[in-house]
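Undergrad: Sharing a structure below in structure tokens format, with a few things to ask.
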Amino acid sequence: MAADADAARSPGISPDLPHWHEIVQATLKRNEVNLVPYVPDRVLTPLIAGLHADPFFTTFATAREEEAVGILAGAWMGGRRGALLMQTSGFATLANVLASLVVPSQIPLIMFVSERGTLGEFNVGQSLVCRTMRPVLDALAMEHHTMTRLDELEFIVDRSIKQAVATQAPVALILSPLLTGGKVFA
Amino acid sequence: MSAPLRNTKVMNRTDLTCRLVGRLTHGEAVIGGIGNTNFDLWAAGQRPQNFYMLGSMGLACPIALGVALAQPPRRVFAIEGDGSLLMQLGCLTTIATLAPSNLAIIVMDNGIYQITGCQPTPARQADIVAIAAGCGIAASHWAVDEEDFERLVDVALATPGPMLIAARIDDRPGVGATKRDPAQIRERFMQGLGVRQPI
């Protein structure tokens, strides 16, 4: 039943806690991460809107995810912190830049990936591309966390940003449909 | 259909890079694209404000944009080959939209992938300056000759950007050999930008 599916949409949504995107935005701000390029995704829309509404952030769309990685690498070297927002399929375009720029140059790239392709995916292409994400991260020995619970979100994001900066190493923070509700077949 | 006619002289990358670097007196940052572009930047003198790309083809302009956004008082130059720029043309639209006043792009256009065996790029019928202008970078110009190149660099140094300067170059390879140590290159660049101090 469609109504039942909507009612059970996401364990991560609770009337007593802030929304996931409010927690992410506040944690970025607290860690002085203020440059946020993105390639948009339906699930990321409330986070993107929140970032645009806060003048603390410089946030804008790029034509490709790889381009945003270049921008963030340059900004880091110039002394400014940032984070990239994208979808699973966007991450799949990044193996070359991660392996040839970010990892060998020790750039603490902070990536948020809205996870498509699992837990109710309706597009077979998305489900296949999703399976490439963690193997690529593991092949490069990159730190990554899949965030499923609202009560753990701030801890994971805050600690991961601090660790990335302290160890000069990138991190991928994967926003599970368990946290965000994901995208459902309309 | 033939390629567009251009009244531009065919110049040399090494010579133009030396002319650019010779005009930088205020700690301007320079991002050298992959391959010959950064080999010639290396050969022109290893300034700590130079960043030499060893991979990630096409990202000289985005990296330069990031530096420009981080340090608005500092002028930033990207030097990129035409083949590299073709891999990331979308970045010209981002640069036009954000319009950083401290960013200039120099495109070394020989129409070939020189370093892989001089194969022609697929852009034989394209005009880099028209592409950049069409993306919204109004101050996009072909350098007619070496003197005009220096004049355009002076304009980029003195007036608000963003700006794109394209130069037709010959098929000669770069003359330097960048040391392949990405962590050291990145650290030295950060020191050159005043972000880090030597330990």
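Identifiers for the structure tokens are assigned positionally: chains receive A, B, ... in sequence, residues are indexed from 1 per chain, and ligands are indexed from 1 in the order shown.
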Which residues come within 10 Å of Thr132 in chain A, counting only C-alpha atoms, excluding same-chain residues fewer than 4 positions away, as a PyMOL selection string?
TA: chain A and resi 88-89+91-92+127-128+136-137
Undergrad: If you keep C-alpha atoms, can you produce a file of those selected residues as an mmCIF file, in the first residue's frame?
TA:
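Dumped to result30.cif:
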data_model
loop_
_atom_site.group_PDB
_atom_site.id
_atom_site.type_symbol
_atom_site.label_atom_id
_atom_site.label_comp_id
_atom_site.auth_asym_id
_atom_site.auth_seq_id
_atom_site.Cartn_x
_atom_site.Cartn_y
_atom_site.Cartn_z
ATOM 1 C CA THR A 88 26.075 8.146 -5.932
ATOM 2 C CA SER A 89 26.323 8.364 -9.736
ATOM 3 C CA PHE A 91 30.843 9.796 -7.043
ATOM 4 C CA ALA A 92 31.275 7.156 -9.736
ATOM 5 C CA SER A 127 21.479 0.142 -8.431
ATOM 6 C CA LEU A 128 24.472 -0.973 -10.501
ATOM 7 C CA VAL A 136 36.466 2.399 -5.151
ATOM 8 C CA LEU A 137 36.666 3.938 -1.685
#
Undergrad: Would you mind listing what lies within 9 Å of range 36-50 of chain B as a ChimeraX atom specification, with only C-alpha atoms counted and same-chain residues fewer than 6 positions away left out?
TA: /B:13-15,17-19,21-22,27-30,79-81,108,114-115,173-179,185,188-193
Undergrad: Select, from A:Met77, A:Leu175, A:Val124, A:Met111, the residue with the minimum atom-to-atom distance to chain B, counting only C-alpha atoms.
TA: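 Smallest separation from chain B among the options: A:Met77.
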Undergrad: Quick one: residues within 9 Å of Gly78 in chain A, only C-alpha atoms, excluding same-chain residues fewer than 2 positions away - as number ranges by chain?
TA: A: 73-76, 80; B: 66-71, 189-190, 193-195
Undergrad: Select, from A:Glu67, A:Leu173, A:Asp16, A:Glu22, the residue with the minimum atom-to-atom distance to Cys61 in chain B, counting only C-alpha atoms.
TA: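 Using only C-alpha atoms, Cys61 in chain B sits closest to A:Glu67.
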